[in-house]
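What's in query_1.cif: mmCIF, C-alpha atoms
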```cif
data_coords
#
loop_
_atom_site.label_atom_id
_atom_site.label_comp_id
_atom_site.auth_asym_id
_atom_site.auth_seq_id
_atom_site.Cartn_x
_atom_site.Cartn_y
_atom_site.Cartn_z
CA MET A 218 82.02 125.92 134.67
CA HIS A 219 83.93 122.75 135.53
CA VAL A 220 81.60 120.23 137.20
CA MET A 221 83.00 117.06 138.79
CA ILE A 222 80.56 114.16 139.09
CA LEU A 223 81.30 111.53 141.71
CA GLY A 224 79.91 108.23 140.44
CA ALA A 225 79.68 106.65 136.96
CA GLY A 226 76.46 104.69 137.31
CA VAL A 227 73.40 105.50 135.23
CA VAL A 228 72.63 108.58 137.35
CA GLY A 229 76.16 109.98 137.07
CA VAL A 230 76.48 109.33 133.33
CA THR A 231 73.08 110.80 132.44
CA SER A 232 73.97 113.86 134.54
CA ALA A 233 77.26 114.17 132.66
CA TRP A 234 75.46 114.08 129.32
CA TYR A 235 73.03 116.88 130.16
CA LEU A 236 75.72 119.01 131.82
CA ALA A 237 78.02 118.65 128.82
CA ARG A 238 75.17 119.57 126.47
CA ALA A 239 74.61 122.65 128.61
CA GLY A 240 78.17 123.74 127.85
CA HIS A 241 79.96 122.75 131.06
CA GLN A 242 83.34 121.10 131.37
CA VAL A 243 82.58 117.76 132.99
CA THR A 244 84.73 115.18 134.76
CA VAL A 245 83.30 111.88 136.02
CA VAL A 246 85.17 110.03 138.78
CA ASP A 247 84.58 106.38 139.69
CA ARG A 248 86.49 103.57 141.39
CA GLN A 249 85.52 100.99 138.76
CA ALA A 250 87.27 100.37 135.42
CA GLU A 251 84.10 101.03 133.37
CA PRO A 252 80.81 102.89 133.86
CA ALA A 253 77.80 100.99 135.25
CA GLN A 254 79.75 98.33 137.12
CA GLU A 255 77.84 98.45 140.41
CA THR A 256 74.11 99.04 141.01
CA SER A 257 73.51 99.80 137.31
CA TYR A 258 75.15 96.54 136.24
CA ALA A 259 72.28 94.04 136.40
CA ASN A 260 69.15 95.72 137.71
CA ALA A 261 65.64 94.52 136.88
CA GLY A 262 65.69 96.30 133.51
CA GLN A 263 62.47 98.21 134.02
CA ILE A 264 61.66 101.81 133.14
CA SER A 265 58.45 101.97 135.12
CA PRO A 266 56.94 105.40 135.74
CA GLY A 267 53.54 103.87 136.37
CA TYR A 268 54.97 101.53 138.98
CA SER A 269 56.79 104.33 140.80
CA ALA A 270 55.62 104.18 144.38
CA PRO A 271 57.26 104.60 147.78
CA TRP A 272 57.89 101.54 149.88
CA ALA A 273 56.59 103.54 152.83
CA ALA A 274 52.85 103.00 152.55
CA PRO A 275 49.89 102.44 154.88
CA GLY A 276 49.96 98.90 156.22
CA VAL A 277 53.55 98.20 155.19
CA PRO A 278 54.83 97.59 158.75
CA PHE A 279 52.32 94.75 159.15
CA LYS A 280 52.96 93.44 155.65
CA ALA A 281 56.68 93.43 156.38
CA ILE A 282 56.14 91.00 159.24
CA LYS A 283 54.18 88.73 156.90
CA TRP A 284 56.88 88.96 154.20
CA LEU A 285 59.59 88.04 156.68
CA LEU A 286 57.69 84.88 157.61
CA GLN A 287 57.12 83.70 154.03
CA ASP A 288 59.04 80.67 152.84
CA LEU A 289 60.18 82.67 149.81
CA ALA A 290 60.53 86.00 151.55
CA PRO A 291 60.64 89.20 149.50
CA LEU A 292 62.08 91.00 152.54
CA ALA A 293 65.12 89.97 154.58
CA ILE A 294 66.80 91.61 157.55
CA ASP A 295 70.29 90.97 158.88
CA VAL A 296 70.60 92.88 162.14
CA ARG A 297 74.31 92.05 162.41
CA HIS A 298 75.00 94.91 160.01
CA TRP A 299 72.72 97.49 161.63
CA ASP A 300 73.90 100.70 163.22
CA ARG A 301 72.36 103.95 164.42
CA HIS A 302 72.02 105.16 160.83
CA THR A 303 69.93 102.07 160.01
CA LEU A 304 67.61 102.75 162.94
CA SER A 305 67.30 106.43 162.07
CA TRP A 306 66.43 105.62 158.46
CA MET A 307 63.86 103.01 159.45
CA THR A 308 62.23 105.42 161.88
CA ARG A 309 61.91 108.05 159.16
CA MET A 310 60.46 105.47 156.78
CA LEU A 311 57.86 104.32 159.33
CA LEU A 312 56.79 107.94 159.80
CA ASN A 313 55.94 108.02 156.07
CA CYS A 314 53.68 104.95 156.30
CA ASN A 315 50.41 106.89 156.30
CA GLU A 316 47.83 107.83 153.68
CA ARG A 317 48.77 111.50 153.42
CA SER A 318 52.51 110.93 153.04
CA TYR A 319 52.00 108.05 150.61
CA HIS A 320 49.79 110.16 148.37
CA ILE A 321 52.27 113.04 148.34
CA ASN A 322 55.32 110.84 147.81
CA LYS A 323 53.80 108.70 145.06
CA GLY A 324 52.59 111.74 143.15
CA ARG A 325 56.03 113.35 143.41
CA MET A 326 57.78 110.17 142.26
CA MET A 327 55.44 109.70 139.31
CA ARG A 328 55.92 113.32 138.23
CA LEU A 329 59.67 112.79 138.02
CA ALA A 330 59.42 109.30 136.50
CA GLU A 331 57.01 110.32 133.73
CA TYR A 332 59.26 113.26 132.85
CA SER A 333 62.28 110.98 132.90
CA ARG A 334 60.72 108.53 130.45
CA ASP A 335 60.01 111.40 128.04
CA CYS A 336 63.63 112.54 128.34
CA LEU A 337 64.80 108.98 127.64
CA LYS A 338 62.67 108.72 124.50
CA ALA A 339 64.05 112.01 123.21
CA ALA A 340 67.66 110.95 123.82
CA ARG A 341 67.08 107.52 122.29
CA ASN A 342 65.67 109.04 119.13
CA GLU A 343 68.40 111.66 118.91
CA LEU A 344 71.33 109.31 119.49
CA GLY A 345 69.97 106.11 117.97
CA LEU A 346 70.60 104.11 121.14
CA ASP A 347 70.05 100.35 121.11
CA TYR A 348 70.03 98.67 124.52
CA GLU A 349 67.62 95.78 123.83
CA GLN A 350 64.75 98.10 124.64
CA ARG A 351 61.10 97.10 124.45
CA THR A 352 58.06 99.34 124.80
CA GLY A 353 55.37 96.79 125.67
CA GLY A 354 54.53 98.13 129.12
CA THR A 355 54.54 96.57 132.59
CA LEU A 356 52.06 93.96 133.80
CA GLN A 357 51.59 93.75 137.57
CA LEU A 358 50.34 90.25 138.34
CA PHE A 359 47.93 89.43 141.16
CA ARG A 360 47.68 85.93 142.62
CA GLN A 361 45.03 86.93 145.17
CA HIS A 362 41.75 88.84 144.84
CA SER A 363 42.72 90.95 147.85
CA GLN A 364 45.68 92.28 145.85
CA MET A 365 43.36 93.42 143.06
CA ALA A 366 41.15 95.18 145.58
CA ALA A 367 44.16 96.87 147.21
CA SER A 368 45.33 98.16 143.81
CA GLU A 369 42.41 100.63 143.75
CA LYS A 370 44.44 103.08 145.84
CA ASP A 371 47.26 103.05 143.31
CA ILE A 372 44.80 103.29 140.44
CA ALA A 373 43.33 106.42 142.00
CA VAL A 374 46.77 108.06 141.93
CA LEU A 375 47.31 106.88 138.35
CA ARG A 376 44.05 108.55 137.34
CA GLU A 377 44.99 111.73 139.17
CA CYS A 378 48.36 111.83 137.41
CA GLY A 379 46.86 111.03 134.01
CA VAL A 380 48.77 107.74 133.64
CA GLU A 381 47.25 105.24 131.21
CA HIS A 382 46.38 101.93 132.86
CA GLN A 383 44.24 98.84 132.37
CA LEU A 384 42.84 96.47 135.00
CA LEU A 385 42.86 93.01 133.43
CA ASP A 386 41.32 89.62 134.05
CA VAL A 387 43.34 86.44 133.57
CA ASP A 388 42.40 86.07 129.89
CA ASP A 389 43.62 89.60 129.21
CA CYS A 390 46.89 88.92 131.05
CA VAL A 391 47.53 85.88 128.87
CA ASN A 392 46.62 87.87 125.78
CA TYR A 393 49.37 90.41 126.54
CA GLU A 394 51.82 87.79 127.81
CA PRO A 395 51.13 84.47 126.02
CA GLY A 396 53.81 82.68 128.07
CA LEU A 397 51.49 82.97 131.08
CA ALA A 398 49.19 80.38 129.50
CA HIS A 399 51.24 77.75 131.34
CA SER A 400 50.56 79.35 134.75
CA ARG A 401 47.15 80.99 134.31
CA ASP A 402 45.57 78.90 137.09
CA LYS A 403 47.85 80.69 139.60
CA LEU A 404 46.58 84.17 138.69
CA VAL A 405 43.43 86.20 139.32
CA GLY A 406 44.25 89.26 137.21
CA GLY A 407 46.64 92.11 136.67
CA LEU A 408 47.22 95.83 136.22
CA ARG A 409 48.84 96.84 132.94
CA LEU A 410 50.79 100.08 132.52
CA PRO A 411 51.31 100.41 128.73
CA GLY A 412 53.60 103.44 128.99
CA ASP A 413 56.41 101.55 130.73
CA GLU A 414 59.52 100.29 128.93
CA THR A 415 62.38 97.83 129.43
CA GLY A 416 66.02 97.34 128.47
CA ASP A 417 69.57 96.65 129.59
CA CYS A 418 70.59 99.51 131.89
CA GLN A 419 74.29 98.73 131.69
CA ALA A 420 74.26 98.74 127.88
CA PHE A 421 72.35 102.03 127.90
CA THR A 422 74.75 103.65 130.35
CA ARG A 423 77.87 102.60 128.49
CA GLN A 424 76.52 103.77 125.14
CA LEU A 425 75.58 107.12 126.64
CA ALA A 426 79.05 107.36 128.20
CA GLU A 427 80.55 107.13 124.71
CA HIS A 428 78.36 110.01 123.58
CA CYS A 429 79.51 111.92 126.66
CA ARG A 430 83.13 111.40 125.62
CA GLU A 431 82.28 112.78 122.19
CA LEU A 432 81.06 115.93 123.96
CA GLY A 433 84.37 116.21 125.81
CA VAL A 434 83.46 114.58 129.12
CA GLU A 435 86.51 113.16 130.90
CA PHE A 436 86.08 109.85 132.72
CA ARG A 437 88.58 109.29 135.53
CA MET A 438 88.10 105.55 136.07
CA ASN A 439 89.95 103.35 138.58
CA THR A 440 89.87 106.42 140.82
CA ALA A 441 88.45 105.81 144.29
CA VAL A 442 86.99 108.81 146.09
CA GLN A 443 88.39 108.87 149.63
CA GLY A 444 87.09 112.15 150.98
CA LEU A 445 86.01 115.73 150.37
CA MET A 446 87.98 118.83 151.31
CA CYS A 447 85.55 121.33 152.75
CA GLN A 448 85.96 124.71 154.41
CA GLN A 449 83.87 127.86 154.70
CA HIS A 450 80.84 126.10 153.24
CA ARG A 451 82.63 125.17 149.99
CA ILE A 452 84.18 122.01 148.60
CA ASP A 453 87.82 122.74 147.80
CA GLY A 454 88.57 119.40 146.19
CA VAL A 455 88.20 115.63 146.19
CA ILE A 456 90.74 113.31 147.76
CA THR A 457 91.27 110.16 145.67
CA ASN A 458 93.73 107.29 145.43
CA GLN A 459 95.10 109.06 142.34
CA GLY A 460 95.66 112.40 144.06
CA ASN A 461 93.51 115.42 144.81
CA LEU A 462 91.10 116.61 142.11
CA LYS A 463 89.54 120.07 141.82
CA ALA A 464 86.62 121.63 140.00
CA ASP A 465 84.25 124.59 140.33
CA ALA A 466 81.25 122.53 141.39
CA TYR A 467 80.72 118.97 142.58
CA LEU A 468 77.81 116.60 142.02
CA MET A 469 77.37 113.65 144.36
CA ALA A 470 75.98 110.65 142.46
CA MET A 471 77.49 107.74 144.37
CA GLY A 472 74.22 106.00 145.20
CA SER A 473 74.28 104.22 148.56
CA PHE A 474 77.82 105.44 149.21
CA SER A 475 76.77 109.09 149.02
CA ALA A 476 75.58 109.07 152.63
CA PRO A 477 78.75 107.82 154.38
CA MET A 478 80.91 110.01 152.16
CA LEU A 479 79.00 113.15 153.10
CA ARG A 480 78.96 112.30 156.79
CA GLN A 481 82.64 113.21 156.72
CA ILE A 482 81.56 116.83 156.38
CA ASN A 483 78.57 116.43 158.72
CA LEU A 484 75.99 116.49 155.94
CA ASP A 485 73.19 114.09 156.85
CA LEU A 486 71.73 112.28 153.84
CA PRO A 487 68.82 110.00 154.80
CA ILE A 488 69.88 107.28 152.37
CA HIS A 489 70.31 103.64 153.28
CA PRO A 490 71.51 100.68 151.16
CA ILE A 491 68.80 98.14 150.37
CA LYS A 492 70.37 95.03 148.92
CA GLY A 493 68.71 93.49 145.90
CA TYR A 494 69.42 90.41 143.79
CA SER A 495 68.98 89.43 140.17
CA LEU A 496 69.33 86.48 137.85
CA THR A 497 70.12 86.85 134.16
CA VAL A 498 68.71 83.72 132.56
CA PRO A 499 69.50 82.52 129.01
CA ILE A 500 66.29 81.83 127.06
CA THR A 501 65.77 78.25 125.92
CA ASP A 502 62.20 78.57 124.55
CA ALA A 503 61.24 82.02 123.26
CA GLU A 504 57.54 81.13 122.97
CA ARG A 505 57.38 80.39 126.70
CA ALA A 506 59.33 83.51 127.67
CA PRO A 507 57.83 86.89 128.61
CA GLN A 508 57.47 89.52 125.90
CA SER A 509 57.90 92.63 128.03
CA THR A 510 58.15 93.09 131.80
CA LEU A 511 56.08 91.87 134.72
CA MET A 512 55.91 92.33 138.47
CA ASP A 513 54.71 89.48 140.68
CA GLU A 514 52.89 91.30 143.46
CA THR A 515 53.02 88.36 145.86
CA TYR A 516 56.77 87.84 145.78
CA LYS A 517 57.79 91.37 144.73
CA VAL A 518 59.85 89.97 141.85
CA ALA A 519 60.27 91.66 138.46
CA ILE A 520 60.72 89.63 135.27
CA THR A 521 62.01 91.43 132.18
CA ARG A 522 62.63 90.20 128.63
CA PHE A 523 65.83 91.10 126.80
CA ASN A 524 66.63 89.76 123.33
CA ASP A 525 67.90 86.33 124.32
CA ARG A 526 67.89 86.66 128.13
CA ILE A 527 65.42 87.07 130.96
CA ARG A 528 66.35 89.39 133.83
CA VAL A 529 64.69 88.49 137.14
CA GLY A 530 65.12 90.90 140.02
CA GLY A 531 63.83 91.02 143.56
CA THR A 532 64.27 90.74 147.31
CA ALA A 533 64.86 93.67 149.63
CA GLU A 534 67.50 92.99 152.24
CA ILE A 535 68.50 95.40 154.98
CA ALA A 536 72.04 94.21 155.59
CA GLY A 537 74.39 97.16 155.42
CA TYR A 538 76.99 97.40 152.66
CA GLN A 539 78.05 93.75 152.36
CA LEU A 540 77.73 92.13 148.90
CA ASN A 541 77.82 88.40 149.53
CA LEU A 542 75.58 86.10 147.45
CA PRO A 543 73.83 83.55 149.69
CA GLU A 544 72.04 80.82 147.75
CA LYS A 545 68.91 81.16 149.90
CA ARG A 546 68.36 84.63 148.40
CA ARG A 547 68.48 83.11 144.94
CA ALA A 548 65.60 80.75 145.71
CA ASN A 549 62.93 83.49 145.77
CA ILE A 550 63.63 84.99 142.37
CA GLU A 551 64.43 81.65 140.72
CA PHE A 552 61.13 80.20 141.91
CA VAL A 553 59.06 83.03 140.43
CA VAL A 554 60.45 82.87 136.91
CA ASN A 555 60.13 79.07 136.82
CA ASP A 556 56.65 79.23 138.33
CA LEU A 557 55.26 81.79 135.88
CA PHE A 558 57.26 80.86 132.77
CA PRO A 559 58.17 77.17 133.11
CA GLY A 560 60.63 76.00 130.48
CA ALA A 561 61.38 79.52 129.22
CA GLY A 562 64.98 79.71 130.40
CA ASN A 563 67.82 77.74 131.90
CA THR A 564 68.12 79.04 135.46
CA ALA A 565 70.96 76.60 136.15
CA LYS A 566 73.14 78.71 133.84
CA ALA A 567 71.91 82.08 135.12
CA GLU A 568 74.24 84.81 136.36
CA PHE A 569 73.48 85.55 140.03
CA TRP A 570 74.20 89.16 141.05
CA THR A 571 73.59 91.60 143.89
CA GLY A 572 73.62 95.38 144.18
CA LEU A 573 72.81 98.11 146.70
CA ARG A 574 69.80 100.33 146.08
CA PRO A 575 70.16 103.81 147.62
CA MET A 576 66.80 104.28 149.34
CA THR A 577 65.35 107.38 150.95
CA PRO A 578 62.63 107.12 153.65
CA ASP A 579 59.99 108.66 151.36
CA GLY A 580 61.08 106.90 148.14
CA THR A 581 61.94 110.09 146.29
CA PRO A 582 65.54 110.78 145.21
CA ILE A 583 67.40 113.80 146.55
CA ILE A 584 68.11 116.22 143.71
CA GLY A 585 69.37 119.78 144.02
CA ALA A 586 71.67 122.16 145.82
CA THR A 587 72.90 121.90 149.38
CA ASP A 588 73.88 124.68 151.75
CA ILE A 589 77.47 123.94 150.81
CA ASP A 590 77.81 126.52 148.06
CA ASN A 591 79.22 124.35 145.27
CA LEU A 592 77.92 120.89 146.22
CA PHE A 593 74.91 119.38 144.46
CA LEU A 594 73.10 116.07 144.90
CA ASN A 595 71.59 113.54 142.51
CA THR A 596 71.23 110.37 144.54
CA GLY A 597 68.84 108.20 146.55
CA HIS A 598 66.81 106.70 143.68
CA GLY A 599 66.18 103.34 145.36
CA THR A 600 64.83 100.70 142.97
CA LEU A 601 64.01 103.35 140.35
CA GLY A 602 67.46 104.58 139.42
CA TRP A 603 67.12 103.93 135.71
CA THR A 604 63.43 104.86 135.64
CA MET A 605 64.20 108.32 137.06
CA SER A 606 67.75 108.81 135.79
CA MET A 607 67.20 110.92 132.69
CA GLY A 608 64.68 113.23 134.34
CA SER A 609 66.81 113.59 137.45
CA ALA A 610 69.84 114.39 135.29
CA LYS A 611 68.00 117.03 133.30
CA VAL A 612 66.69 118.63 136.49
CA ILE A 613 70.10 118.81 138.17
CA ALA A 614 71.78 120.07 134.98
CA ASP A 615 69.22 122.87 134.78
CA LEU A 616 69.68 123.74 138.46
CA ILE A 617 73.47 123.83 138.20
CA SER A 618 73.15 125.91 135.03
CA GLN A 619 70.71 128.24 136.85
CA ARG A 620 67.98 127.51 134.33
CA GLN A 621 64.27 127.03 134.87
CA THR A 622 63.48 123.33 135.29
CA ASP A 623 60.79 121.74 133.12
CA ILE A 624 59.03 120.26 136.16
CA ASP A 625 58.58 121.45 139.71
CA ALA A 626 61.77 120.46 141.52
CA ALA A 627 61.36 122.36 144.80
CA ASP A 628 60.25 119.26 146.71
CA LEU A 629 63.10 117.08 145.40
CA SER A 630 65.95 118.70 147.30
CA LEU A 631 67.51 117.85 150.64
CA SER A 632 65.63 120.75 152.21
CA ARG A 633 62.59 118.51 152.66
CA TYR A 634 64.55 116.82 155.43
CA GLN A 635 66.10 118.43 158.48
CA LYS A 636 68.81 121.01 158.04
CA ARG A 637 72.41 119.95 158.28
CA SER A 638 74.53 120.74 161.30
CA GLN A 639 77.65 122.89 161.23
CA HIS A 640 80.15 121.37 158.79
CA VAL A 641 83.34 120.18 160.44
CA PRO A 642 85.47 117.89 158.24
CA LYS A 643 86.14 114.45 159.71
CA LYS A 644 88.74 111.81 158.93
CA HIS A 645 88.63 110.38 155.42
CA TYR A 646 87.49 106.91 154.44
CA SER A 647 87.61 105.01 151.14
CA TYR A 648 84.46 103.68 149.48
#
```

Turn this file's structure into structure tokens for me.
Amino acid sequence: MHVMILGAGVVGVTSAWYLARAGHQVTVVDRQAEPAQETSYANAGQISPGYSAPWAAPGVPFKAIKWLLQDLAPLAIDVRHWDRHTLSWMTRMLLNCNERSYHINKGRMMRLAEYSRDCLKAARNELGLDYEQRTGGTLQLFRQHSQMAASEKDIAVLRECGVEHQLLDVDDCVNYEPGLAHSRDKLVGGLRLPGDETGDCQAFTRQLAEHCRELGVEFRMNTAVQGLMCQQHRIDGVITNQGNLKADAYLMAMGSFSAPMLRQINLDLPIHPIKGYSLTVPITDAERAPQSTLMDETYKVAITRFNDRIRVGGTAEIAGYQLNLPEKRRANIEFVVNDLFPGAGNTAKAEFWTGLRPMTPDGTPIIGATDIDNLFLNTGHGTLGWTMSMGSAKVIADLISQRQTDIDAADLSLSRYQKRSQHVPKKHYSY
């Protein structure tokens, strides 16, 4: 079967690899010149199954108000770019901010993320991939005792899911991350997840793309998807700036742009872009730099060690699809790396970047078939695109191939949301 994948980020490329291995003819279409040029370009670098949790949690609405008022705010809102889709998404997210939904959503996310990490390890060993990976785990840092107390709810889910974890005091934190010796007085403890990994997502994606090409996958780059041709509950083709393209089946993996593209055919995807920022900092003193990856719970900033660089990622901004780089957004993430690891890197020479995270209201990606006969979805991974990419790709490849999935995938599909309305094609737009 000929499967056309729309999107060449980490989710699209991993899907292509598994589909090609399953014997399908695969074409990947993307508007960029190379794979992993958008959201997969400079993410936080974490593969964090243990840290997989929905943003929609009990108490989050009140915390959000506090975050917005912080000097170095981890959350930002620009209402100038809001529309009815923003309000609908936020309403759905607020409805998930309760104990029952949080427990269900976190367990579902961790199931997929743990499976995905196992798939990644298998592929890495098979293909000999080298993407500056490290396997030293994630350390969630607490600056306040109340944060340690609040972590008990997450620890309960970790226990239930059988995820290895360690609650640490300050001395233990410094033992695992010696660079924290210079900021130990600012910490009260941490939660270590030894099963987590790190690495350069873009390097991983591009290496895997080369292996896809060896399997016969065709990459149609510099090809912007402008619309879908749909009639009688089937996709008849894809309209692009390079002409119309056809296949037997179609897989939507365009991240945040999946939702507006599918609205053309009246398919409602509850995905909204959440803008994030990162700095890639050259290391100037390796002994002061982190060894693995950390998450500052106070500022919601991730710090990840590459070979000779530090990747610092954070801030959640609800601001539509615009990609400007205001300096005030840089201040939050730059402060955290300098505060925790002073003298480790030269932030003045850091690359400042932004990308759009495709977020669902419940935190879980949307993976599976739709009630359009030949249209499948693998999108909506939020901040965990790389963490969940390999598992999501294996699941969707098995579903398209009509094979039994290795994990329960019934609750990953679009069917957990409301049914779509009657499909009537609309005018086409470019994304």

Can you give me, as number ranges by chain, the residues this file yields under the PyMOL selection byres ((chain A and resi 593-600) around 9)?
A: 228-229, 232, 260-261, 466-473, 475, 486-491, 493, 573-577, 580-587, 589-592, 601-606, 609-610, 613, 617, 630-631

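Atom pair atom CA of A:Leu540 / atom CA of A:Gln249 has a distance of 15.6 Å (rounded to one decimal).
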
Selection: 12 Å around A:Asp335, only C-alpha atoms, excl. self and same-chain fewer than 5 positions, as a PyMOL selection string:
chain A and resi 264-266+328-330+340-342+412-414+604-609+611+623

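Taking only C-alpha atoms into account, A:Phe474 lies nearest to A:Glu255 out of the set A:Glu349, A:Ala239, A:Glu255, A:Ala426.
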
What does the distance from atom CA of A:Asp615 to atom CA of A:Asp628 come to in Å, to one decimal?
15.4 Å

Need the neighbours of (84.1, 128.3, 139.3): which residues are at most 8 Å away, counting only C-alpha atoms, as a PyMOL selection string?
chain A and resi 218-219+464-466

Hey, can you spit out that residue selection with C-alpha atoms as a PDB file, in the frame of the given file?
```pdb
ATOM      1  CA  MET A 218      82.020 125.920 134.670  1.00  0.00           C
ATOM      2  CA  HIS A 219      83.930 122.750 135.530  1.00  0.00           C
ATOM      3  CA  ALA A 464      86.620 121.630 140.000  1.00  0.00           C
ATOM      4  CA  ASP A 465      84.250 124.590 140.330  1.00  0.00           C
ATOM      5  CA  ALA A 466      81.250 122.530 141.390  1.00  0.00           C
TER       6      ALA A 466
END
```

Taking all listed atoms of stretch 608-617 of chain A, build the axis-aligned box, pad each of the six sides by 5 Å, then write its centre and edge lengths in Å to one decimal as AutoDock Vina command-line options.
```
--center_x 69.1 --center_y 118.5 --center_z 135.9 --size_x 18.8 --size_y 20.6 --size_z 15.2
```

Best match for closeness to A:Val246 among A:Gln443, A:Thr622, A:Gln263, A:Asn524, counting all atoms listed in the file
A:Gln443

With a cut-off of 9 Å, could you pull out the residues of stretch 511-568 of chain A touching stretch 380-402 of chain A and give me the nearest pair of atoms for each, distance in Å to one decimal, using all atoms listed in the file, ordered by chain and ascending number, as a Markdown table?
```
| residue | atom | partner | partner_atom | distance |
| --- | --- | --- | --- | --- |
| A:Asp556 | CA | A:Ser400 | CA | 7.1 |
| A:Leu557 | CA | A:Ser400 | CA | 5.4 |
| A:Phe558 | CA | A:Gly396 | CA | 6.1 |
| A:Pro559 | CA | A:His399 | CA | 7.2 |
| A:Ala561 | CA | A:Gly396 | CA | 8.3 |
```

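Taking atom CA of A:Cys429 as the reference point, atom CA of A:Leu223 is found at 15.2 Å.
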
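With all atoms listed in the file as the atoms that count, the minimum distance from A:Asn549 to the choices A:Ser305, A:Gln254, A:Ser363, A:Gln287 is reached by A:Gln287.
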
For A:Tyr516, list every protein, DNA or RNA residue within 10 Å, evaluated using only C-alpha atoms, and leave out those in the same chain fewer than 4 positions away; present the list as a PyMOL selection string.
chain A and resi 284+287+289-292+360+512+531-532+549-550+552-553

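In terms of minimum interatomic distance to A:Val442, A:Arg248 ranks closest within A:His302, A:Arg430, A:Arg376, A:Arg248, counting all atoms listed in the file.
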
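For the residues A:Ile535, A:Val405, A:Ala548, A:Ile372, ranking by smallest atom-to-atom distance to A:Trp306 using only C-alpha atoms places A:Ile535 first.
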
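Residue nearest A:Arg505 within the list A:Gly454, A:Gly562, A:Gly324, A:Pro543: A:Gly562 [criterion: smallest interatomic distance, only C-alpha atoms].
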
Find the spatial neighbours of A:Thr422, counting only C-alpha atoms, within a cut-off of 10 Å - ignore same-chain residues fewer than 2 positions away - and output them as a list in words.
Ala225, Gly226, Val227, Val228, Gly229, Val230, Thr231, Pro252, Ala253, Gln254, Ser257, Tyr258, Tyr348, Asp417, Cys418, Gln419, Ala420, Gln424, Leu425, Ala426, Glu427, His428 and Trp603 of chain A
